[in-house]
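A short worksheet on the structure shown next.
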Amino acid sequence: MIQNADILALWNAGVAAVQGRSSVNLALQSHDVDRPDLVISVGKAAASMACAVHDVFGELPTLVVTKYDHTQDAPQHARIVESAHPVPDEASLAAGSAIQDAIAGSPKGSHLLFLVSGGASSLAEVLPDGMTLAELSKETQTLLASGKDIHAMNAQRKEISQIKGGKALAGFKGRKVTTLAISDVQGDDVGIIGSGIAAAPASHEFEYSSHIVASNQIARAAAVEKAGTSVISNSEDMYEDVVTLAPKIAARLRAAKGGIYIMGGEPTVVLPPNPGLGGRNMMLAAMIAREIKGTVGIRVLIAGTDGTDGPTDATGALVDGQTWDASGHLAIEQANVAPWLDAKDVLIRSGPTGTNVMDLLIAEVRSS
């Protein structure tokens with residue numbers, strides 16, 4: 001049976017398989033992408049994705065919009081705009097204007113390579129007339145606490161934004177747009193990823209093509225390959241609220257035969273007023289720990305593939321039947337699970353990964 005330390009190795013294998021630089025590099029070759037005249041890369045994996053273009057084509061005019069402290073691997077010649085996630089800030093508005101200006105400035109006959117990954121919804125924005133950043137921030141915080149899934153949230157974001165849902169490319173006067181996307185949404189729809197910031201407008205005269213270069217399915221397949229014959233199941237079904245999902249997963253694992261169980265997706269969570277520190281993966285991990293309290297032979301790792309979970313420096317946790325104690329009830333109630341899990345030394349800190357394909361759960365069940 002695979003050892004505890006190797007559960008993290010499986011997660012690392014999954015993340016490595018969808019890393020931005022390698023995924024885009026492969027896509028540029030497999031889709032025979034022409035040399036672009038301009039590169040716009042936006043999202044948590046923007047720096048890594050842009051680096052692949054530099055590897056293949058050399059120095060090109062490049063705009064990278066990414067989260068603070070996610071600029072590792074960015075091409076040296078690129079213009080970089082760092083901004084906030086998950087709640088937009090002033091830099092997000094500057095980033096939105098920079099994207100809008102770069103697209104509008106593309107000459108006739110030009111080819112734009114648009115690279116997009118999760119997080120773009122917050123990292124770049126252009127507001128409608130009459131709306132303030134404070135109003136956007138308040139609406140975003142309400143949305144994040146609502147428990148809505150990414151499809152519902154991004155649909156609402158597109159209604160507000162002046163650059164989402166194909167609106168950004170409405171100003172493109174060039175010949176061709178190629179979009180390469182790392183998917184952080186169920187169904188891998190370019191119209192949903194980043195709220196459709198790199199999607200084509202309903203009506204356009206330029207040539208447009210889009211390709212998904214990395215996804216949760218690819219990450220899970222890599223983890224399966226790493227684990228080998230010990231894998232019992234591999235599914236993408238973590239799309240419920242953590243309150244209902246945790247007992248379902250725990251019950252399944254308690255009744256399971258020995259082996260490795262891999263799941264993917266993006267659970268939702270409803271936050272209380274004034275929540276503490278944590279994210280959906282940590283909340284799910286804490287709730288599963290409560291469900292498997294006292295159980296021997298079950299270990300569960302839950303972590304975001306982007307390297308961060310909520311407004312913290314951790315991406316998830318690895319819990320077992322000995323993790324839980326009664327102090328966890330208050331941590332869950334206050335949505336303050338990060339300090340609670342940290343005190344138990346079960347948090348996973350990977351740093352920015354250069355990708356974002358939702359979340360991975362890897363569970364080990366040892367036969368008695």
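Going through the structure tokens in order, the chains are called A, B, and so on, while each chain numbers its residues from 1 and the ligands are numbered from 1 in the order shown.
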Problem - Surrounding residues of region 175-179 of chain A excluding itself and chain neighbours under 2 positions, 9 Å, only C-alpha atoms, as a list in words - result: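 Near neighbours after the sequence-gap exclusion: Val33, Pro36, Pro107, Lys108, Gly109, Ser110, His111, Leu112, Leu113, Phe114, Leu115, Val116, Leu169, Phe172, Lys173, Ala181, Val190, Ala198, Ala199, Ala200, Glu205, Phe206, Glu207, Tyr208, Ser209, Ser210, His211 and Ile212 of chain A.
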Would you save the residues of that selection, restricted to N, CA and C atoms, as a JSON list (two decimals), in the first residue's frame?
[["chain", "number", "residue", "atom", "x", "y", "z"],
["A", 33, "VAL", "N", 0.17, 26.47, -33.88],
["A", 33, "VAL", "CA", -0.17, 27.89, -33.71],
["A", 33, "VAL", "C", 0.87, 28.77, -34.41],
["A", 36, "PRO", "N", 2.50, 34.68, -33.07],
["A", 36, "PRO", "CA", 1.61, 35.82, -32.82],
["A", 36, "PRO", "C", 2.37, 37.15, -32.90],
["A", 107, "PRO", "N", -2.99, 46.16, -34.74],
["A", 107, "PRO", "CA", -3.24, 46.63, -36.12],
["A", 107, "PRO", "C", -3.94, 45.58, -36.97],
["A", 108, "LYS", "N", -4.45, 46.01, -38.11],
["A", 108, "LYS", "CA", -5.04, 45.08, -39.07],
["A", 108, "LYS", "C", -4.00, 44.05, -39.51],
["A", 109, "GLY", "N", -4.43, 42.84, -39.69],
["A", 109, "GLY", "CA", -3.52, 41.79, -40.11],
["A", 109, "GLY", "C", -2.79, 41.10, -38.98],
["A", 110, "SER", "N", -3.00, 41.55, -37.75],
["A", 110, "SER", "CA", -2.24, 41.01, -36.62],
["A", 110, "SER", "C", -2.89, 39.75, -36.06],
["A", 111, "HIS", "N", -2.06, 38.96, -35.34],
["A", 111, "HIS", "CA", -2.49, 37.73, -34.69],
["A", 111, "HIS", "C", -2.28, 37.88, -33.18],
["A", 112, "LEU", "N", -3.37, 37.80, -32.44],
["A", 112, "LEU", "CA", -3.33, 37.89, -30.98],
["A", 112, "LEU", "C", -3.41, 36.49, -30.38],
["A", 113, "LEU", "N", -2.46, 36.18, -29.52],
["A", 113, "LEU", "CA", -2.51, 34.93, -28.75],
["A", 113, "LEU", "C", -2.97, 35.28, -27.36],
["A", 114, "PHE", "N", -4.16, 34.83, -26.99],
["A", 114, "PHE", "CA", -4.78, 35.14, -25.70],
["A", 114, "PHE", "C", -4.68, 33.90, -24.82],
["A", 115, "LEU", "N", -3.95, 34.03, -23.71],
["A", 115, "LEU", "CA", -3.78, 32.94, -22.76],
["A", 115, "LEU", "C", -4.59, 33.26, -21.52],
["A", 116, "VAL", "N", -5.40, 32.31, -21.07],
["A", 116, "VAL", "CA", -6.27, 32.60, -19.93],
["A", 116, "VAL", "C", -6.30, 31.42, -18.98],
["A", 169, "LEU", "N", -12.72, 41.33, -26.71],
["A", 169, "LEU", "CA", -12.30, 41.11, -28.10],
["A", 169, "LEU", "C", -13.19, 41.81, -29.10],
["A", 172, "PHE", "N", -11.15, 44.21, -31.12],
["A", 172, "PHE", "CA", -9.99, 43.71, -31.88],
["A", 172, "PHE", "C", -10.20, 43.97, -33.38],
["A", 173, "LYS", "N", -9.22, 44.61, -34.01],
["A", 173, "LYS", "CA", -9.29, 44.95, -35.43],
["A", 173, "LYS", "C", -8.33, 44.10, -36.27],
["A", 181, "ALA", "N", -6.46, 28.00, -23.13],
["A", 181, "ALA", "CA", -7.02, 28.15, -21.78],
["A", 181, "ALA", "C", -6.70, 26.97, -20.88],
["A", 190, "VAL", "N", -14.63, 27.84, -22.52],
["A", 190, "VAL", "CA", -13.87, 29.10, -22.60],
["A", 190, "VAL", "C", -14.78, 30.30, -22.31],
["A", 198, "ALA", "N", -11.55, 35.84, -22.57],
["A", 198, "ALA", "CA", -10.86, 35.53, -23.83],
["A", 198, "ALA", "C", -11.79, 34.86, -24.84],
["A", 199, "ALA", "N", -13.08, 34.92, -24.59],
["A", 199, "ALA", "CA", -14.06, 34.35, -25.52],
["A", 199, "ALA", "C", -14.32, 35.32, -26.67],
["A", 200, "ALA", "N", -14.79, 34.78, -27.79],
["A", 200, "ALA", "CA", -15.11, 35.62, -28.94],
["A", 200, "ALA", "C", -16.45, 36.32, -28.74],
["A", 205, "GLU", "N", -15.37, 39.71, -37.12],
["A", 205, "GLU", "CA", -14.88, 39.50, -38.48],
["A", 205, "GLU", "C", -13.51, 38.82, -38.50],
["A", 206, "PHE", "N", -12.90, 38.64, -37.37],
["A", 206, "PHE", "CA", -11.58, 38.00, -37.33],
["A", 206, "PHE", "C", -11.72, 36.49, -37.17],
["A", 207, "GLU", "N", -10.66, 35.76, -37.51],
["A", 207, "GLU", "CA", -10.62, 34.32, -37.33],
["A", 207, "GLU", "C", -10.40, 34.03, -35.85],
["A", 208, "TYR", "N", -11.18, 33.11, -35.30],
["A", 208, "TYR", "CA", -11.06, 32.81, -33.87],
["A", 208, "TYR", "C", -11.03, 31.30, -33.65],
["A", 209, "SER", "N", -10.11, 30.87, -32.78],
["A", 209, "SER", "CA", -10.08, 29.47, -32.35],
["A", 209, "SER", "C", -9.69, 29.41, -30.89],
["A", 210, "SER", "N", -10.19, 28.40, -30.18],
["A", 210, "SER", "CA", -9.84, 28.25, -28.77],
["A", 210, "SER", "C", -9.56, 26.79, -28.47],
["A", 211, "HIS", "N", -8.64, 26.56, -27.52],
["A", 211, "HIS", "CA", -8.24, 25.21, -27.17],
["A", 211, "HIS", "C", -8.03, 25.13, -25.65],
["A", 212, "ILE", "N", -8.54, 24.09, -25.02],
["A", 212, "ILE", "CA", -8.25, 23.81, -23.62],
["A", 212, "ILE", "C", -6.92, 23.06, -23.55]]
Practice task
Output as a PyMOL selection string all residues of region 251-309 of chain A that backbone DSSP marks as strand (DSSP E or B).
Solution key: chain A and resi 259-265+268+270+298-304
Handout entry: Coordinates-based distance that separates CA of Ala52 (chain A) from CA of Ser183 (chain A) (Å, one decimal)
Key =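 Value for the CA of Ser183 (chain A)-CA of Ala52 (chain A) distance: 17.1 Å.
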Contact table region 107-149 of chain A vs region 69-88 of chain A, cut-off 10 Å, shortest pair per residue, only C-alpha atoms, as a Markdown table:
| residue | atom | partner | partner_atom | distance |
| --- | --- | --- | --- | --- |
| A:Gly119 | CA | A:His85 | CA | 6.7 |
| A:Ala120 | CA | A:His85 | CA | 8.6 |
| A:Ser121 | CA | A:Pro86 | CA | 8.3 |
| A:Ser122 | CA | A:Pro88 | CA | 4.9 |
| A:Leu123 | CA | A:Ser83 | CA | 5.4 |
| A:Ala124 | CA | A:Pro88 | CA | 7.6 |
| A:Glu125 | CA | A:Pro88 | CA | 7.7 |
| A:Leu133 | CA | A:Pro88 | CA | 7.9 |
| A:Ala134 | CA | A:Pro88 | CA | 9.5 |
| A:Leu136 | CA | A:Pro88 | CA | 7.7 |
| A:Ser137 | CA | A:Val87 | CA | 6.0 |
| A:Lys138 | CA | A:Val87 | CA | 8.8 |
| A:Glu139 | CA | A:Val87 | CA | 9.4 |
| A:Thr140 | CA | A:Val87 | CA | 6.2 |
| A:Gln141 | CA | A:Val87 | CA | 6.8 |
| A:Leu144 | CA | A:Pro86 | CA | 8.3 |
Output of the above residues as a compact mmCIF listing (two decimals), in the first residue's frame, restricted to N, CA and C atoms:
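What follows is the written file part02.txt:
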# COMPACT_ATOMS: atom_id res chain seq x y z
N GLY A 119 -8.91 32.76 -12.15
CA GLY A 119 -8.55 33.95 -11.39
C GLY A 119 -8.70 35.23 -12.19
N ALA A 120 -8.85 35.10 -13.51
CA ALA A 120 -8.93 36.28 -14.37
C ALA A 120 -10.13 37.15 -14.04
N SER A 121 -11.19 36.57 -13.51
CA SER A 121 -12.40 37.35 -13.20
C SER A 121 -12.11 38.48 -12.23
N SER A 122 -11.25 38.23 -11.26
CA SER A 122 -10.91 39.24 -10.26
C SER A 122 -9.71 40.09 -10.69
N LEU A 123 -8.80 39.50 -11.42
CA LEU A 123 -7.51 40.14 -11.70
C LEU A 123 -7.59 41.28 -12.70
N ALA A 124 -8.61 41.29 -13.54
CA ALA A 124 -8.74 42.34 -14.54
C ALA A 124 -10.20 42.73 -14.68
N GLU A 125 -10.48 44.02 -14.64
CA GLU A 125 -11.87 44.47 -14.76
C GLU A 125 -11.95 45.87 -15.34
N LEU A 133 -15.39 51.05 -7.54
CA LEU A 133 -14.64 49.88 -7.09
C LEU A 133 -15.19 49.38 -5.76
N ALA A 134 -15.57 50.28 -4.88
CA ALA A 134 -16.12 49.88 -3.58
C ALA A 134 -17.40 49.05 -3.77
N LEU A 136 -18.14 47.30 -6.48
CA LEU A 136 -17.73 46.01 -7.05
C LEU A 136 -17.18 45.09 -5.97
N SER A 137 -16.38 45.62 -5.08
CA SER A 137 -15.79 44.82 -4.01
C SER A 137 -16.87 44.24 -3.11
N LYS A 138 -17.85 45.07 -2.74
CA LYS A 138 -18.94 44.60 -1.89
C LYS A 138 -19.74 43.51 -2.58
N GLU A 139 -20.02 43.71 -3.87
CA GLU A 139 -20.78 42.71 -4.62
C GLU A 139 -20.00 41.41 -4.76
N THR A 140 -18.69 41.53 -4.96
CA THR A 140 -17.84 40.34 -5.09
C THR A 140 -17.81 39.55 -3.78
N GLN A 141 -17.65 40.25 -2.66
CA GLN A 141 -17.61 39.58 -1.36
C GLN A 141 -18.94 38.87 -1.07
N LEU A 144 -18.97 35.72 -3.26
CA LEU A 144 -18.07 34.68 -2.77
C LEU A 144 -18.64 33.97 -1.54
Exercise for the section: From the DSSP assignment of the backbone, select every residue of region 234-292 of chain A that is helix (DSSP H, G or I), and format the answer as number ranges by chain. Expected result: A: 242-254, 280-291
Exercise for the section: Compile the contact shell of Trp324 (chain A) as a list of chain:residue names: residues with an atom at most 8 Å away, counting only C-alpha atoms, same-chain residues fewer than 2 positions apart removed. Expected result: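 Listing them by chain and then by number gives A:Ala286, A:Ala289, A:Arg290, A:Lys293, A:Gly321, A:Gln322, A:Ala326, A:Gly328.
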Dump of N, CA and C atoms for the selected residues, as a CSV table (one decimal), in the first residue's frame:
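Listing of selection.csv after writing:
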chain,number,residue,atom,x,y,z
A,286,ALA,N,-11.6,19.8,7.1
A,286,ALA,CA,-12.0,19.8,8.5
A,286,ALA,C,-13.3,19.1,8.7
A,289,ALA,N,-12.6,15.4,8.4
A,289,ALA,CA,-11.9,15.0,9.6
A,289,ALA,C,-12.9,14.7,10.7
A,290,ARG,N,-13.9,15.5,10.8
A,290,ARG,CA,-14.9,15.3,11.8
A,290,ARG,C,-15.7,14.0,11.6
A,293,LYS,N,-13.6,10.8,12.4
A,293,LYS,CA,-12.9,10.8,13.7
A,293,LYS,C,-12.8,9.4,14.3
A,321,GLY,N,-8.1,10.1,10.7
A,321,GLY,CA,-9.0,9.8,11.8
A,321,GLY,C,-8.6,10.4,13.2
A,322,GLN,N,-7.3,10.8,13.3
A,322,GLN,CA,-6.8,11.4,14.5
A,322,GLN,C,-6.8,12.9,14.5
A,326,ALA,N,-12.8,18.5,19.5
A,326,ALA,CA,-14.0,19.3,19.7
A,326,ALA,C,-13.8,20.8,19.3
A,328,GLY,N,-12.7,22.0,16.8
A,328,GLY,CA,-12.9,22.2,15.4
A,328,GLY,C,-14.3,22.7,15.1
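Nearest residue to Thr305 (chain A) among A:Gly118, A:Gly259, A:Gly58, A:Gly171 is A:Gly118, counting only C-alpha atoms.
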Problem - Nearest candidate to Gly307 (chain A) (options A:Ile348, A:Ile40, A:Met282, A:Ala251; using only C-alpha atoms) - result: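 Selected residue with least distance to Gly307 (chain A): A:Ile348.
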Fill in the blank from the handout: Counting only C-alpha atoms, closest pick from A:Ile232, A:Glu90, A:Leu10, A:Trp340 relative to Ala256 (chain A) is A:Ile232
Practice task
Within 9 Å of Thr268 (chain A), counting only C-alpha atoms, which residues show up once you throw out same-chain ones fewer than 4 positions away? Write them as a count of residues only, please.
Solution key: 12
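Every protein or nucleic acid residue with an atom no more than 9 Å from Gln100 (chain A), counting only C-alpha atoms and leaving out same-chain residues fewer than 4 positions away, appears here: Ala95, Gly96, Ala104, Gly105, Val126, Ile163, Ala168, Leu169 and Gly171 of chain A.
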Handout entry: CA of Val300 (chain A) to CA of Ser22 (chain A), distance in Å rounded to a single decimal
Key =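 Rounded to one decimal, the two atoms are 28.1 Å apart.
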Handout entry: 10 Å contact set for Gln186 (chain A), only C-alpha atoms, chain neighbours under 2 positions out, as a ChimeraX atom specification
Key = /A:149-151,183-184,188-189,192-193,215-216,236-237,239,264-266,357-358
For the residues selected in the previous step, produce a file with C-alpha atoms as a PDB file, in the first residue's frame.
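result_30.pdb was written with the following content:
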ATOM      1  CA  ASP A 149     -20.895  27.674  -8.108  1.00  0.00           C
ATOM      2  CA  ILE A 150     -18.396  29.199 -10.554  1.00  0.00           C
ATOM      3  CA  HIS A 151     -20.869  29.101 -13.461  1.00  0.00           C
ATOM      4  CA  SER A 183      -9.742  25.275 -17.332  1.00  0.00           C
ATOM      5  CA  ASP A 184     -10.866  25.852 -13.764  1.00  0.00           C
ATOM      6  CA  ASP A 188     -14.093  23.320 -19.693  1.00  0.00           C
ATOM      7  CA  ASP A 189     -16.004  26.149 -21.414  1.00  0.00           C
ATOM      8  CA  ILE A 192     -16.949  30.564 -18.489  1.00  0.00           C
ATOM      9  CA  ILE A 193     -13.188  30.508 -17.730  1.00  0.00           C
ATOM     10  CA  SER A 215      -7.945  20.523 -17.108  1.00  0.00           C
ATOM     11  CA  ASN A 216      -8.876  18.657 -13.959  1.00  0.00           C
ATOM     12  CA  GLU A 236     -14.885  14.481 -11.064  1.00  0.00           C
ATOM     13  CA  ASP A 237     -17.816  14.975  -8.772  1.00  0.00           C
ATOM     14  CA  TYR A 239     -19.413  20.100  -6.967  1.00  0.00           C
ATOM     15  CA  GLY A 264     -11.774  16.383  -8.630  1.00  0.00           C
ATOM     16  CA  GLY A 265     -13.990  19.431  -8.886  1.00  0.00           C
ATOM     17  CA  GLU A 266     -14.688  22.602  -6.946  1.00  0.00           C
ATOM     18  CA  VAL A 357      -7.573  23.302 -12.678  1.00  0.00           C
ATOM     19  CA  MET A 358      -9.874  23.363  -9.640  1.00  0.00           C
TER      20      MET A 358
END
Handout entry: Best match for closeness to Trp11 (chain A) among A:Ala227, A:Leu245, A:Leu341, A:Ala335, counting only C-alpha atoms
Key = A:Ala227
